[in-house]
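*Asks:* Contents of target33.cif (mmCIF, C-alpha atoms) are below:
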```cif
data_run
#
loop_
_atom_site.group_PDB
_atom_site.id
_atom_site.type_symbol
_atom_site.label_atom_id
_atom_site.label_comp_id
_atom_site.auth_asym_id
_atom_site.auth_seq_id
_atom_site.Cartn_x
_atom_site.Cartn_y
_atom_site.Cartn_z
ATOM 1 C CA MET A 123 119.930 151.925 -104.580
ATOM 2 C CA ALA A 124 118.361 154.964 -106.205
ATOM 3 C CA LEU A 125 114.715 155.819 -105.822
ATOM 4 C CA ASP A 126 113.223 157.610 -108.777
ATOM 5 C CA ALA A 127 110.544 160.021 -107.546
ATOM 6 C CA ALA A 128 108.732 159.890 -110.897
ATOM 7 C CA SER A 129 108.001 156.175 -110.820
ATOM 8 C CA PRO A 130 106.841 153.927 -108.009
ATOM 9 C CA PRO A 131 109.094 151.213 -106.653
ATOM 10 C CA ASP A 132 108.188 147.750 -107.882
ATOM 11 C CA PRO A 133 105.893 146.377 -105.115
ATOM 12 C CA ALA A 134 107.416 142.916 -105.484
ATOM 13 C CA ALA A 135 110.920 144.317 -104.915
ATOM 14 C CA VAL A 136 110.110 146.461 -101.856
ATOM 15 C CA PRO A 137 110.600 143.735 -99.206
ATOM 16 C CA ALA A 138 113.963 142.687 -100.664
ATOM 17 C CA LEU A 139 115.087 146.317 -100.931
ATOM 18 C CA ALA A 140 114.005 147.045 -97.360
ATOM 19 C CA PHE A 141 115.803 143.996 -95.978
ATOM 20 C CA ALA A 142 118.971 144.865 -97.922
ATOM 21 C CA LEU A 143 118.888 148.391 -96.520
ATOM 22 C CA LEU A 144 118.354 147.047 -92.990
ATOM 23 C CA ASP A 145 121.328 144.707 -93.390
ATOM 24 C CA GLY A 146 123.444 147.667 -94.512
ATOM 25 C CA ILE A 147 122.285 149.732 -91.539
ATOM 26 C CA ARG A 148 123.079 146.917 -89.080
ATOM 27 C CA ALA A 149 126.535 146.399 -90.564
ATOM 28 C CA ALA A 150 127.372 150.102 -90.546
ATOM 29 C CA MET A 151 125.946 151.058 -87.139
ATOM 30 C CA LEU A 152 129.081 150.270 -85.134
ATOM 31 C CA HIS A 153 131.812 150.999 -87.670
ATOM 32 C CA ASP A 154 130.422 153.709 -89.955
ATOM 33 C CA PRO A 155 127.598 155.777 -88.390
ATOM 34 C CA CYS A 156 127.496 158.168 -91.381
ATOM 35 C CA ARG A 157 126.865 155.288 -93.787
ATOM 36 C CA ALA A 158 124.207 153.901 -91.410
ATOM 37 C CA ARG A 159 122.491 157.290 -91.422
ATOM 38 C CA GLU A 160 122.558 157.375 -95.257
ATOM 39 C CA GLU A 161 121.109 153.869 -95.463
ATOM 40 C CA LEU A 162 118.434 154.819 -92.947
ATOM 41 C CA GLY A 163 117.511 157.817 -95.137
ATOM 42 C CA ARG A 164 117.224 155.507 -98.166
ATOM 43 C CA LEU A 165 114.975 153.145 -96.239
ATOM 44 C CA ASP A 166 112.842 156.082 -95.127
ATOM 45 C CA ARG A 167 112.475 157.286 -98.751
ATOM 46 C CA LEU A 168 111.649 153.769 -99.949
ATOM 47 C CA LEU A 169 108.866 153.434 -97.394
ATOM 48 C CA ASP A 170 107.540 156.934 -98.172
ATOM 49 C CA GLU A 171 107.485 156.229 -101.920
ATOM 50 C CA THR A 172 105.862 152.839 -101.415
ATOM 51 C CA ALA A 173 103.130 154.379 -99.276
ATOM 52 C CA ARG A 174 102.579 157.268 -101.696
ATOM 53 C CA PHE A 175 102.401 155.152 -104.864
ATOM 54 C CA GLY A 176 100.838 152.094 -103.249
ATOM 55 C CA ARG A 177 97.795 153.892 -101.865
ATOM 56 C CA PRO A 178 94.635 152.886 -103.728
ATOM 57 C CA ARG A 179 92.854 155.791 -105.350
ATOM 58 C CA GLY A 180 89.126 155.858 -105.875
ATOM 59 C CA GLY A 181 88.403 152.303 -104.769
ATOM 60 C CA LEU A 182 86.536 150.970 -101.793
ATOM 61 C CA ALA A 183 88.174 151.079 -98.384
ATOM 62 C CA PRO A 184 89.174 147.616 -97.124
ATOM 63 C CA TRP A 185 86.317 147.573 -94.607
ATOM 64 C CA GLN A 186 83.823 148.425 -97.366
ATOM 65 C CA ALA A 187 85.167 145.720 -99.673
ATOM 66 C CA ARG A 188 84.970 143.126 -96.871
ATOM 67 C CA ARG A 189 81.392 144.049 -95.969
ATOM 68 C CA VAL A 190 80.226 144.008 -99.594
ATOM 69 C CA ARG A 191 82.000 140.708 -100.290
ATOM 70 C CA ARG A 192 80.399 139.176 -97.177
ATOM 71 C CA LEU A 193 76.947 140.440 -98.190
ATOM 72 C CA VAL A 194 77.311 139.048 -101.707
ATOM 73 C CA GLU A 195 78.559 135.645 -100.542
ATOM 74 C CA ALA A 196 75.712 135.372 -98.024
ATOM 75 C CA GLY A 197 73.045 136.602 -100.453
ATOM 76 C CA LEU A 198 73.810 134.760 -103.696
ATOM 77 C CA ASP A 199 70.464 132.970 -103.495
ATOM 78 C CA GLY A 200 68.466 136.189 -103.870
ATOM 79 C CA PRO A 201 68.477 139.588 -105.529
ATOM 80 C CA LEU A 202 71.469 141.834 -104.869
ATOM 81 C CA PRO A 203 70.677 145.270 -106.305
ATOM 82 C CA VAL A 204 73.478 147.828 -106.498
ATOM 83 C CA GLU A 205 71.560 150.077 -104.106
ATOM 84 C CA ARG A 206 71.700 147.402 -101.402
ATOM 85 C CA LEU A 207 75.436 146.822 -101.943
ATOM 86 C CA ALA A 208 76.054 150.580 -101.914
ATOM 87 C CA ALA A 209 74.133 150.962 -98.660
ATOM 88 C CA GLU A 210 76.325 148.258 -97.104
ATOM 89 C CA ALA A 211 79.368 150.386 -98.025
ATOM 90 C CA SER A 212 77.623 153.607 -96.898
ATOM 91 C CA LEU A 213 77.879 155.127 -100.389
ATOM 92 C CA GLY A 214 75.538 156.316 -103.110
ATOM 93 C CA ALA A 215 74.904 153.863 -105.953
ATOM 94 C CA SER A 216 76.839 155.808 -108.602
ATOM 95 C CA HIS A 217 79.906 156.453 -106.448
ATOM 96 C CA PHE A 218 79.779 152.852 -105.201
ATOM 97 C CA SER A 219 79.708 151.440 -108.735
ATOM 98 C CA ARG A 220 82.828 153.385 -109.742
ATOM 99 C CA ALA A 221 84.675 152.499 -106.541
ATOM 100 C CA PHE A 222 83.613 148.853 -106.800
ATOM 101 C CA LYS A 223 84.948 148.550 -110.343
ATOM 102 C CA GLU A 224 88.225 150.176 -109.275
ATOM 103 C CA THR A 225 88.569 147.685 -106.403
ATOM 104 C CA PHE A 226 87.325 144.448 -107.958
ATOM 105 C CA GLY A 227 88.029 145.060 -111.649
ATOM 106 C CA LEU A 228 84.424 144.389 -112.685
ATOM 107 C CA ALA A 229 81.129 146.213 -112.432
ATOM 108 C CA PRO A 230 79.039 145.057 -109.441
ATOM 109 C CA HIS A 231 76.513 143.136 -111.566
ATOM 110 C CA ALA A 232 79.242 141.305 -113.511
ATOM 111 C CA TRP A 233 81.092 140.440 -110.305
ATOM 112 C CA VAL A 234 77.929 139.102 -108.642
ATOM 113 C CA LEU A 235 77.193 136.988 -111.739
ATOM 114 C CA ALA A 236 80.741 135.615 -111.611
ATOM 115 C CA ARG A 237 80.259 134.685 -107.934
ATOM 116 C CA ARG A 238 76.924 133.008 -108.811
ATOM 117 C CA LEU A 239 78.622 130.972 -111.547
ATOM 118 C CA ASP A 240 81.462 130.008 -109.201
ATOM 119 C CA LEU A 241 78.902 128.771 -106.688
ATOM 120 C CA ALA A 242 77.027 126.867 -109.408
ATOM 121 C CA CYS A 243 80.259 125.170 -110.515
ATOM 122 C CA ARG A 244 81.041 124.162 -106.931
ATOM 123 C CA LEU A 245 77.527 122.817 -106.368
ATOM 124 C CA MET A 246 77.587 120.865 -109.644
ATOM 125 C CA THR A 247 80.859 119.165 -108.771
ATOM 126 C CA GLU A 248 80.277 118.653 -105.033
ATOM 127 C CA THR A 249 76.575 117.725 -104.862
ATOM 128 C CA ASP A 250 74.059 115.548 -106.661
ATOM 129 C CA GLU A 251 71.423 118.282 -106.752
ATOM 130 C CA PRO A 252 69.524 118.755 -110.014
ATOM 131 C CA LEU A 253 70.500 121.772 -112.124
ATOM 132 C CA CYS A 254 67.125 123.446 -111.588
ATOM 133 C CA ARG A 255 67.709 123.465 -107.818
ATOM 134 C CA ILE A 256 71.325 124.619 -108.217
ATOM 135 C CA ALA A 257 70.134 127.511 -110.398
ATOM 136 C CA VAL A 258 67.672 128.661 -107.738
ATOM 137 C CA ARG A 259 70.292 128.320 -104.964
ATOM 138 C CA CYS A 260 72.554 130.600 -107.016
ATOM 139 C CA GLY A 261 69.890 133.292 -107.369
ATOM 140 C CA LEU A 262 69.067 132.524 -110.989
ATOM 141 C CA SER A 263 65.521 132.222 -112.248
ATOM 142 C CA ASP A 264 65.754 128.680 -113.655
ATOM 143 C CA GLN A 265 67.956 126.053 -115.275
ATOM 144 C CA ALA A 266 67.703 127.757 -118.676
ATOM 145 C CA HIS A 267 69.067 130.983 -117.171
ATOM 146 C CA LEU A 268 71.983 129.042 -115.689
ATOM 147 C CA THR A 269 72.649 127.341 -119.030
ATOM 148 C CA ARG A 270 72.604 130.664 -120.941
ATOM 149 C CA LEU A 271 75.039 132.211 -118.456
ATOM 150 C CA PHE A 272 77.352 129.231 -118.703
ATOM 151 C CA ARG A 273 77.317 129.396 -122.485
ATOM 152 C CA SER A 274 77.917 133.156 -122.649
ATOM 153 C CA ARG A 275 80.510 133.398 -119.852
ATOM 154 C CA LEU A 276 82.289 130.062 -119.921
ATOM 155 C CA GLY A 277 81.672 128.830 -123.472
ATOM 156 C CA ALA A 278 80.039 125.589 -122.328
ATOM 157 C CA THR A 279 76.592 124.438 -121.288
#
```
Starting from the file, lay out its structure as structure tokens.
*Replies:*
Amino acid sequence: MALDAASPPDPAAVPALAFALLDGIRAAMLHDPCRAREELGRLDRLLDETARFGRPRGGLAPWQARRVRRLVEAGLDGPLPVERLAAEASLGASHFSRAFKETFGLAPHAWVLARRLDLACRLMTETDEPLCRIAVRCGLSDQAHLTRLFRSRLGAT
């Protein structure tokens, strides 16, 4: 197994590669200590490369992402300005917005709207509440707002 320093190891292949190297180390420990040492070096390089290339750059730390996600899920019925989300992550609004997009793949406003629509879909299928009440529970101004969002985001009313 050769590790190319210029490209990261495939994250999906890392566990299989690590287990194969461990099997080789176990087999060689008693009969071929030099080979075991070589395999151990390969495993060490694999783990170093995985850590170096697998480290997220510029996104939110896991604790920040968890706190923001929790705040959003708990506050979908009201306003969630970027400044409030940024404060929860202990960041400025501009830095937070860039880090949020890096972590979640969407801008904060778009992600919150997606969560609101997910909640609306769940409430429509699991409850008998009228759409006007569902819209308010999802932090939207009224049923028309909910309908416009559905049409623009999901292609249906």
*Asks:* Would you kindly identify which residues have an atom no farther than 12 Å from (70.6, 139.6, -105.2), using all atoms listed in the file and the file's own coordinates, and write them out as a PDB file with C-alpha atoms, keeping the file's coordinate frame?
*Replies:*
```pdb
ATOM      1  CA  VAL A 190      80.226 144.008 -99.594  1.00  0.00           C
ATOM      2  CA  LEU A 193      76.947 140.440 -98.190  1.00  0.00           C
ATOM      3  CA  VAL A 194      77.311 139.048-101.707  1.00  0.00           C
ATOM      4  CA  GLU A 195      78.559 135.645-100.542  1.00  0.00           C
ATOM      5  CA  ALA A 196      75.712 135.372 -98.024  1.00  0.00           C
ATOM      6  CA  GLY A 197      73.045 136.602-100.453  1.00  0.00           C
ATOM      7  CA  LEU A 198      73.810 134.760-103.696  1.00  0.00           C
ATOM      8  CA  ASP A 199      70.464 132.970-103.495  1.00  0.00           C
ATOM      9  CA  GLY A 200      68.466 136.189-103.870  1.00  0.00           C
ATOM     10  CA  PRO A 201      68.477 139.588-105.529  1.00  0.00           C
ATOM     11  CA  LEU A 202      71.469 141.834-104.869  1.00  0.00           C
ATOM     12  CA  PRO A 203      70.677 145.270-106.305  1.00  0.00           C
ATOM     13  CA  VAL A 204      73.478 147.828-106.498  1.00  0.00           C
ATOM     14  CA  GLU A 205      71.560 150.077-104.106  1.00  0.00           C
ATOM     15  CA  ARG A 206      71.700 147.402-101.402  1.00  0.00           C
ATOM     16  CA  LEU A 207      75.436 146.822-101.943  1.00  0.00           C
ATOM     17  CA  PRO A 230      79.039 145.057-109.441  1.00  0.00           C
ATOM     18  CA  HIS A 231      76.513 143.136-111.566  1.00  0.00           C
ATOM     19  CA  TRP A 233      81.092 140.440-110.305  1.00  0.00           C
ATOM     20  CA  VAL A 234      77.929 139.102-108.642  1.00  0.00           C
ATOM     21  CA  LEU A 235      77.193 136.988-111.739  1.00  0.00           C
ATOM     22  CA  ARG A 237      80.259 134.685-107.934  1.00  0.00           C
ATOM     23  CA  ARG A 238      76.924 133.008-108.811  1.00  0.00           C
ATOM     24  CA  VAL A 258      67.672 128.661-107.738  1.00  0.00           C
ATOM     25  CA  ARG A 259      70.292 128.320-104.964  1.00  0.00           C
ATOM     26  CA  CYS A 260      72.554 130.600-107.016  1.00  0.00           C
ATOM     27  CA  GLY A 261      69.890 133.292-107.369  1.00  0.00           C
ATOM     28  CA  LEU A 262      69.067 132.524-110.989  1.00  0.00           C
ATOM     29  CA  SER A 263      65.521 132.222-112.248  1.00  0.00           C
TER      30      SER A 263
END
```
*Asks:* Skipping near chain neighbours, those fewer than 5 positions away, what residues fall within 8 Å of Gly181 in chain A using only C-alpha atoms, listed as a ChimeraX atom specification?
*Replies:* /A:220-225
*Asks:* So, with all atoms listed in the file as the atoms that count, which of A:Ala183, A:Gly227, A:Ile147, A:Ala257 lies closest to Leu245 in chain A?
*Replies:*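 The answer is A:Ala257, which sits nearest to Leu245 in chain A.
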